[in-house]
Amino acid sequence: MRSAPRRPWTGVCLTVLLALAAVTGCSGPARQALPGFSNPVVPGLWTTERMAGAAAADTRVPAGLGADAGGTDPEPAPVAAVPERTPYRAAAPVLGRIFFDTPQGPAVCSGTAVEDPARPGRSGLVWTAGHCVHGGAGGTWYRNIVFVPSYNDRGLDGGDRAAAGADGIAPFGMWWADRAATSAEWTAEGAASGGAGSPGDYAVLHVSMPGGGTSLQETTGAAAPVWFDAPPTATVPAMKAWGYPAAAPFDGERLFSCQDRPGRLSLRADRASLYRIGCTMTAGASGGGWFAERPDGTLALVSDTSIGPPAATWIAGPRLGAEARSVYASVAADAG
């Protein structure tokens, strides 16, 4: 998280894509040019040792943030993160870890494989947080971004994990991002602390396997639908968030989840409020998918972990509206 990113089962204003960021409608950041996204494959870079040494991408916020802003509900009680049952490929097959290099060194987040309506059954799209792919205001795209679905599938510890090797840690391989997009709000205002840019803290990647072959969804057999413009918070009985928390007391090697009734967190009166749930997951869970149950009884992604407090008692994520839909569509269209 960024002093607070991160997930249940289970909208801000227009997005940035690869070389250009454009904003429409409501109040938000101004039009801004971005350098093109470039993420050339570096064979052998992400060894098991390098993955284990990656730092959690953190975006924390001070205690009490948003307490006096409009649209904020009382702070939720902490909800203890629950370890996911193994193997993850059966229990939560759309989840995985995202590894990338920042100017400060290798880092890690969480991500979710999502459907591509233009390519039913053949999606290569991954949803995560904006701060997991781009440095925000004054920054640029991170490098060497890979998605590892069902990371450490059997939840192995220490020596067992080392003995399992790459096949045990990355059972479906490492998928390199070849396209990426995030919101104009994140690239213009996003910060590593304080919550700036959080309503736009989401990103979509398109990933592929070096050398080509089948799509991510065909390989893993799973991709989650995305539910844009989900109902008002008060009408949603529960959200469940997943992620790989890496800051103490967690080690980043296992998948956890939290489920709670969502509340609202408003950081600015002129921006959409965030979803907020009680959860003890820490940094590293950033970007992990939040899910809610749709009227037809199916689960769909409604947010991703963005921020949380230093005490790790709650997490918050952006509402996915018109801008998020545009970001999603831009990457899907470019994947053709």
# chains A, B, ... in the order shown; residues from 1 in each chain; ligands from 1
$ select_by_dssp --residues "region 83-266 of chain A" --states "strand (DSSP E or B)" --output "ChimeraX atom specification"
/A:83,95-102,105-114,125-128,134,141,143-149,175-183,203-208,224,226,239-243,256-260,263-265
$ write_last_selection --atoms "C-alpha atoms" --output "mmCIF file, in the first residue's frame"
data_model
loop_
_atom_site.group_PDB
_atom_site.id
_atom_site.type_symbol
_atom_site.label_atom_id
_atom_site.label_comp_id
_atom_site.auth_asym_id
_atom_site.auth_seq_id
_atom_site.Cartn_x
_atom_site.Cartn_y
_atom_site.Cartn_z
ATOM 1 C CA PRO A 83 -4.820 -16.909 5.210
ATOM 2 C CA LEU A 95 -4.880 -13.500 -7.665
ATOM 3 C CA GLY A 96 -1.130 -13.109 -7.951
ATOM 4 C CA ARG A 97 1.886 -10.931 -7.147
ATOM 5 C CA ILE A 98 3.344 -8.109 -9.223
ATOM 6 C CA PHE A 99 7.102 -7.496 -9.189
ATOM 7 C CA PHE A 100 8.737 -4.371 -10.601
ATOM 8 C CA ASP A 101 11.783 -2.148 -10.337
ATOM 9 C CA THR A 102 11.583 1.392 -8.945
ATOM 10 C CA GLY A 105 15.123 -0.977 -6.122
ATOM 11 C CA PRO A 106 12.907 -4.048 -6.639
ATOM 12 C CA ALA A 107 9.386 -3.832 -5.232
ATOM 13 C CA VAL A 108 6.228 -5.922 -4.987
ATOM 14 C CA CYS A 109 2.438 -5.489 -5.060
ATOM 15 C CA SER A 110 -0.597 -7.703 -5.640
ATOM 16 C CA GLY A 111 -2.803 -7.981 -8.726
ATOM 17 C CA THR A 112 -5.885 -9.663 -10.197
ATOM 18 C CA ALA A 113 -6.418 -11.257 -13.598
ATOM 19 C CA VAL A 114 -9.564 -9.706 -15.112
ATOM 20 C CA LEU A 125 -5.454 -8.156 -18.535
ATOM 21 C CA VAL A 126 -4.387 -7.601 -14.917
ATOM 22 C CA TRP A 127 -5.865 -5.053 -12.482
ATOM 23 C CA THR A 128 -3.679 -3.437 -9.815
ATOM 24 C CA HIS A 134 3.847 4.473 -11.960
ATOM 25 C CA TRP A 141 6.537 4.243 -15.330
ATOM 26 C CA ARG A 143 10.329 -1.064 -15.172
ATOM 27 C CA ASN A 144 10.584 -4.845 -15.411
ATOM 28 C CA ILE A 145 6.939 -5.334 -14.391
ATOM 29 C CA VAL A 146 5.829 -8.970 -14.191
ATOM 30 C CA PHE A 147 2.675 -10.687 -12.915
ATOM 31 C CA VAL A 148 3.039 -14.074 -11.199
ATOM 32 C CA PRO A 149 -0.391 -15.759 -10.933
ATOM 33 C CA TRP A 175 3.991 -12.757 -17.348
ATOM 34 C CA TRP A 176 5.645 -9.548 -18.570
ATOM 35 C CA ALA A 177 3.583 -6.365 -18.969
ATOM 36 C CA ASP A 178 3.655 -5.070 -22.529
ATOM 37 C CA ARG A 179 0.990 -2.370 -22.085
ATOM 38 C CA ALA A 180 -0.133 -0.303 -19.103
ATOM 39 C CA ALA A 181 -2.498 2.521 -18.236
ATOM 40 C CA THR A 182 -3.422 4.395 -15.082
ATOM 41 C CA SER A 183 -5.528 7.447 -14.271
ATOM 42 C CA ALA A 203 -4.041 0.576 -13.211
ATOM 43 C CA VAL A 204 -4.557 -2.035 -15.893
ATOM 44 C CA LEU A 205 -1.778 -4.091 -17.466
ATOM 45 C CA HIS A 206 -1.741 -6.332 -20.489
ATOM 46 C CA VAL A 207 0.658 -9.208 -19.942
ATOM 47 C CA SER A 208 2.087 -11.922 -22.132
ATOM 48 C CA ALA A 224 -12.593 -11.941 -12.930
ATOM 49 C CA VAL A 226 -14.984 -5.919 -13.392
ATOM 50 C CA MET A 239 -16.616 -6.598 0.298
ATOM 51 C CA LYS A 240 -13.702 -8.975 0.392
ATOM 52 C CA ALA A 241 -10.147 -7.979 -0.426
ATOM 53 C CA TRP A 242 -7.207 -10.258 -1.225
ATOM 54 C CA GLY A 243 -3.485 -9.617 -1.325
ATOM 55 C CA PHE A 256 -4.577 -13.402 2.699
ATOM 56 C CA SER A 257 -8.037 -11.835 2.636
ATOM 57 C CA CYS A 258 -10.301 -9.597 4.729
ATOM 58 C CA GLN A 259 -14.074 -9.278 4.533
ATOM 59 C CA ASP A 260 -16.143 -6.434 5.985
ATOM 60 C CA GLY A 263 -17.748 2.458 4.554
ATOM 61 C CA ARG A 264 -16.712 5.703 2.858
ATOM 62 C CA LEU A 265 -13.474 7.636 3.189
#
$ select_by_dssp --residues "region 206-260 of chain A" --states "alpha helix (DSSP H)" --output "ChimeraX atom specification"
/A:216-220
$ closest_residue --among "A:Gly136, A:Leu320, A:Gly297, A:Gly159" --to "Ala184 (chain A)" --atoms "only C-alpha atoms"
A:Gly136
$ closest_residue --among "A:Asp296, A:Asp167, A:Asp334, A:Asp229" --to "Ala322 (chain A)" --atoms "only C-alpha atoms"
A:Asp229
$ atom_distance --atom1 "CA of Leu299 (chain A)" --atom2 "CA of Leu216 (chain A)"
19.8 Å
$ residues_around --residues "region 292-294 of chain A" --least-positions-apart "2" --cutoff "9 Å" --atoms "only C-alpha atoms" --output "MDAnalysis selection string"
chainID A and resid 8:10 227 230 236:240 290 296:302
$ write_last_selection --atoms "N, CA and C atoms" --output "PDB file, in the first residue's frame"
ATOM      1  N   PRO A   8     -13.051  -7.456  -1.674  1.00  0.00           N
ATOM      2  CA  PRO A   8     -13.741  -8.390  -0.894  1.00  0.00           C
ATOM      3  C   PRO A   8     -14.248  -9.410  -1.749  1.00  0.00           C
ATOM      4  N   TRP A   9     -15.246  -9.638  -1.978  1.00  0.00           N
ATOM      5  CA  TRP A   9     -15.457 -10.299  -3.170  1.00  0.00           C
ATOM      6  C   TRP A   9     -16.146  -9.247  -3.977  1.00  0.00           C
ATOM      7  N   THR A  10     -16.687  -9.360  -2.938  1.00  0.00           N
ATOM      8  CA  THR A  10     -17.177  -9.041  -4.084  1.00  0.00           C
ATOM      9  C   THR A  10     -16.078  -9.898  -4.484  1.00  0.00           C
ATOM     10  N   TRP A 227     -16.728  -4.789 -12.133  1.00  0.00           N
ATOM     11  CA  TRP A 227     -18.018  -4.141 -11.920  1.00  0.00           C
ATOM     12  C   TRP A 227     -17.795  -2.656 -11.742  1.00  0.00           C
ATOM     13  N   ALA A 230     -20.396   0.424  -9.248  1.00  0.00           N
ATOM     14  CA  ALA A 230     -21.091  -0.410  -8.272  1.00  0.00           C
ATOM     15  C   ALA A 230     -22.020   0.473  -7.434  1.00  0.00           C
ATOM     16  N   VAL A 236     -24.140  -2.018  -0.106  1.00  0.00           N
ATOM     17  CA  VAL A 236     -23.285  -3.195  -0.327  1.00  0.00           C
ATOM     18  C   VAL A 236     -23.037  -3.867   1.021  1.00  0.00           C
ATOM     19  N   PRO A 237     -23.540  -5.075   1.237  1.00  0.00           N
ATOM     20  CA  PRO A 237     -23.416  -5.706   2.555  1.00  0.00           C
ATOM     21  C   PRO A 237     -22.011  -6.171   2.905  1.00  0.00           C
ATOM     22  N   ALA A 238     -21.198  -6.497   1.907  1.00  0.00           N
ATOM     23  CA  ALA A 238     -19.855  -6.998   2.205  1.00  0.00           C
ATOM     24  C   ALA A 238     -18.941  -6.831   1.005  1.00  0.00           C
ATOM     25  N   MET A 239     -17.679  -6.565   1.297  1.00  0.00           N
ATOM     26  CA  MET A 239     -16.616  -6.598   0.298  1.00  0.00           C
ATOM     27  C   MET A 239     -15.490  -7.440   0.865  1.00  0.00           C
ATOM     28  N   LYS A 240     -14.820  -8.128  -0.021  1.00  0.00           N
ATOM     29  CA  LYS A 240     -13.702  -8.975   0.392  1.00  0.00           C
ATOM     30  C   LYS A 240     -12.484  -8.606  -0.441  1.00  0.00           C
ATOM     31  N   TRP A 290     -10.514  -6.138  -4.768  1.00  0.00           N
ATOM     32  CA  TRP A 290     -11.660  -6.140  -3.867  1.00  0.00           C
ATOM     33  C   TRP A 290     -12.857  -6.653  -4.655  1.00  0.00           C
ATOM     34  N   ASP A 296     -26.861 -10.744  -9.641  1.00  0.00           N
ATOM     35  CA  ASP A 296     -27.078 -12.109 -10.141  1.00  0.00           C
ATOM     36  C   ASP A 296     -26.370 -13.167  -9.302  1.00  0.00           C
ATOM     37  N   GLY A 297     -25.743 -12.742  -8.201  1.00  0.00           N
ATOM     38  CA  GLY A 297     -25.092 -13.685  -7.305  1.00  0.00           C
ATOM     39  C   GLY A 297     -23.643 -13.980  -7.622  1.00  0.00           C
ATOM     40  N   THR A 298     -23.122 -13.459  -8.719  1.00  0.00           N
ATOM     41  CA  THR A 298     -21.722 -13.676  -9.071  1.00  0.00           C
ATOM     42  C   THR A 298     -20.843 -12.608  -8.430  1.00  0.00           C
ATOM     43  N   LEU A 299     -19.569 -12.928  -8.263  1.00  0.00           N
ATOM     44  CA  LEU A 299     -18.618 -11.989  -7.688  1.00  0.00           C
ATOM     45  C   LEU A 299     -17.884 -11.226  -8.776  1.00  0.00           C
ATOM     46  N   ALA A 300     -17.595  -9.957  -8.522  1.00  0.00           N
ATOM     47  CA  ALA A 300     -16.878  -9.143  -9.505  1.00  0.00           C
ATOM     48  C   ALA A 300     -15.949  -8.182  -8.785  1.00  0.00           C
ATOM     49  N   LEU A 301     -14.867  -7.818  -9.454  1.00  0.00           N
ATOM     50  CA  LEU A 301     -13.903  -6.862  -8.893  1.00  0.00           C
ATOM     51  C   LEU A 301     -14.512  -5.472  -8.874  1.00  0.00           C
ATOM     52  N   VAL A 302     -14.443  -4.799  -7.717  1.00  0.00           N
ATOM     53  CA  VAL A 302     -14.995  -3.450  -7.587  1.00  0.00           C
ATOM     54  C   VAL A 302     -13.958  -2.410  -7.174  1.00  0.00           C
TER      55      VAL A 302
END
$ closest_residue --among "A:Ser306, A:Thr219, A:Asn152, A:Thr214" --to "Arg85 (chain A)" --atoms "only C-alpha atoms"
A:Asn152
$ residues_around --residues "region 272-276 of chain A" --least-positions-apart "6" --cutoff "6 Å" --atoms "only C-alpha atoms" --output "list in words"
Val12, Pro262, Gly263, Arg264, Leu265, Ser266, Ile315, Ala316, Gly317, Pro318 and Arg319 of chain A
$ atom_distance --atom1 "CA of Ser330 (chain A)" --atom2 "CA of Phe228 (chain A)"
14.9 Å
$ residues_around --residues "Pro171 (chain A)" --least-positions-apart "3" --cutoff "10 Å" --atoms "only C-alpha atoms" --output "list in words"
Arg89, Val148, Pro149, Ser150, Tyr151, Asn152, Asp153, Arg154, Gly165, Ala166, Asp167, Gly168, Met174 and Thr220 of chain A
$ atom_distance --atom1 "CA of Leu255 (chain A)" --atom2 "CA of Asp116 (chain A)"
24.3 Å
$ closest_residue --among "A:Ala246, A:Gly221, A:Pro199, A:Asp73" --to "Ala324 (chain A)" --atoms "only C-alpha atoms"
A:Pro199
$ residues_around --residues "Met281 (chain A)" --least-positions-apart "4" --cutoff "7 Å" --atoms "only C-alpha atoms" --output "ChimeraX atom specification"
/A:81,245,285,312
$ closest_residue --among "A:Ala223, A:Val82, A:Ala164, A:Ala283" --to "Glu115 (chain A)" --atoms "only C-alpha atoms"
A:Ala223
$ closest_residue --among "A:Glu75, A:Glu84, A:Asp270, A:Glu218" --to "Phe172 (chain A)" --atoms "only C-alpha atoms"
A:Glu218
$ decode --residues "region 178-198 of chain A" --atoms "N, CA and C atoms" --output "compact mmCIF listing (two decimals), in the first residue's frame"
# COMPACT_ATOMS: atom_id res chain seq x y z
N ASP A 178 3.25 -5.73 -21.28
CA ASP A 178 3.66 -5.07 -22.53
C ASP A 178 2.83 -3.82 -22.81
N ARG A 179 1.77 -3.60 -22.02
CA ARG A 179 0.99 -2.37 -22.08
C ARG A 179 0.52 -2.03 -20.68
N ALA A 180 0.32 -0.73 -20.43
CA ALA A 180 -0.13 -0.30 -19.10
C ALA A 180 -0.85 1.03 -19.21
N ALA A 181 -1.80 1.23 -18.32
CA ALA A 181 -2.50 2.52 -18.24
C ALA A 181 -2.92 2.75 -16.79
N THR A 182 -2.92 4.01 -16.40
CA THR A 182 -3.42 4.40 -15.08
C THR A 182 -4.17 5.70 -15.24
N SER A 183 -4.70 6.25 -14.17
CA SER A 183 -5.53 7.45 -14.27
C SER A 183 -4.69 8.71 -14.36
N ALA A 184 -5.27 9.73 -14.96
CA ALA A 184 -4.61 11.03 -15.01
C ALA A 184 -4.45 11.59 -13.61
N GLU A 185 -5.40 11.29 -12.73
CA GLU A 185 -5.30 11.77 -11.35
C GLU A 185 -4.08 11.19 -10.66
N TRP A 186 -3.82 9.91 -10.87
CA TRP A 186 -2.65 9.33 -10.20
C TRP A 186 -1.35 9.92 -10.74
N THR A 187 -1.21 10.03 -12.05
CA THR A 187 0.06 10.52 -12.60
C THR A 187 0.29 11.99 -12.28
N ALA A 188 -0.78 12.76 -12.10
CA ALA A 188 -0.63 14.18 -11.81
C ALA A 188 -0.49 14.48 -10.32
N GLU A 189 -1.11 13.64 -9.45
CA GLU A 189 -1.19 13.98 -8.04
C GLU A 189 -0.70 12.90 -7.09
N GLY A 190 -0.51 11.69 -7.58
CA GLY A 190 -0.18 10.57 -6.72
C GLY A 190 1.07 10.80 -5.90
N ALA A 191 1.02 10.37 -4.63
CA ALA A 191 2.16 10.56 -3.73
C ALA A 191 2.34 9.31 -2.88
N ALA A 192 3.57 9.12 -2.39
CA ALA A 192 3.89 7.93 -1.61
C ALA A 192 3.34 7.98 -0.20
N SER A 193 2.85 9.14 0.23
CA SER A 193 2.25 9.25 1.56
C SER A 193 1.21 10.35 1.53
N GLY A 194 0.28 10.30 2.49
CA GLY A 194 -0.71 11.36 2.62
C GLY A 194 -2.00 11.14 1.88
N GLY A 195 -2.04 10.18 0.94
CA GLY A 195 -3.29 9.86 0.27
C GLY A 195 -3.57 10.59 -1.01
N ALA A 196 -2.72 11.53 -1.44
CA ALA A 196 -2.96 12.27 -2.68
C ALA A 196 -3.05 11.32 -3.87
N GLY A 197 -4.05 11.52 -4.71
CA GLY A 197 -4.23 10.70 -5.90
C GLY A 197 -4.93 9.39 -5.67
N SER A 198 -5.30 9.08 -4.42
CA SER A 198 -5.89 7.77 -4.12
C SER A 198 -7.18 7.47 -4.87
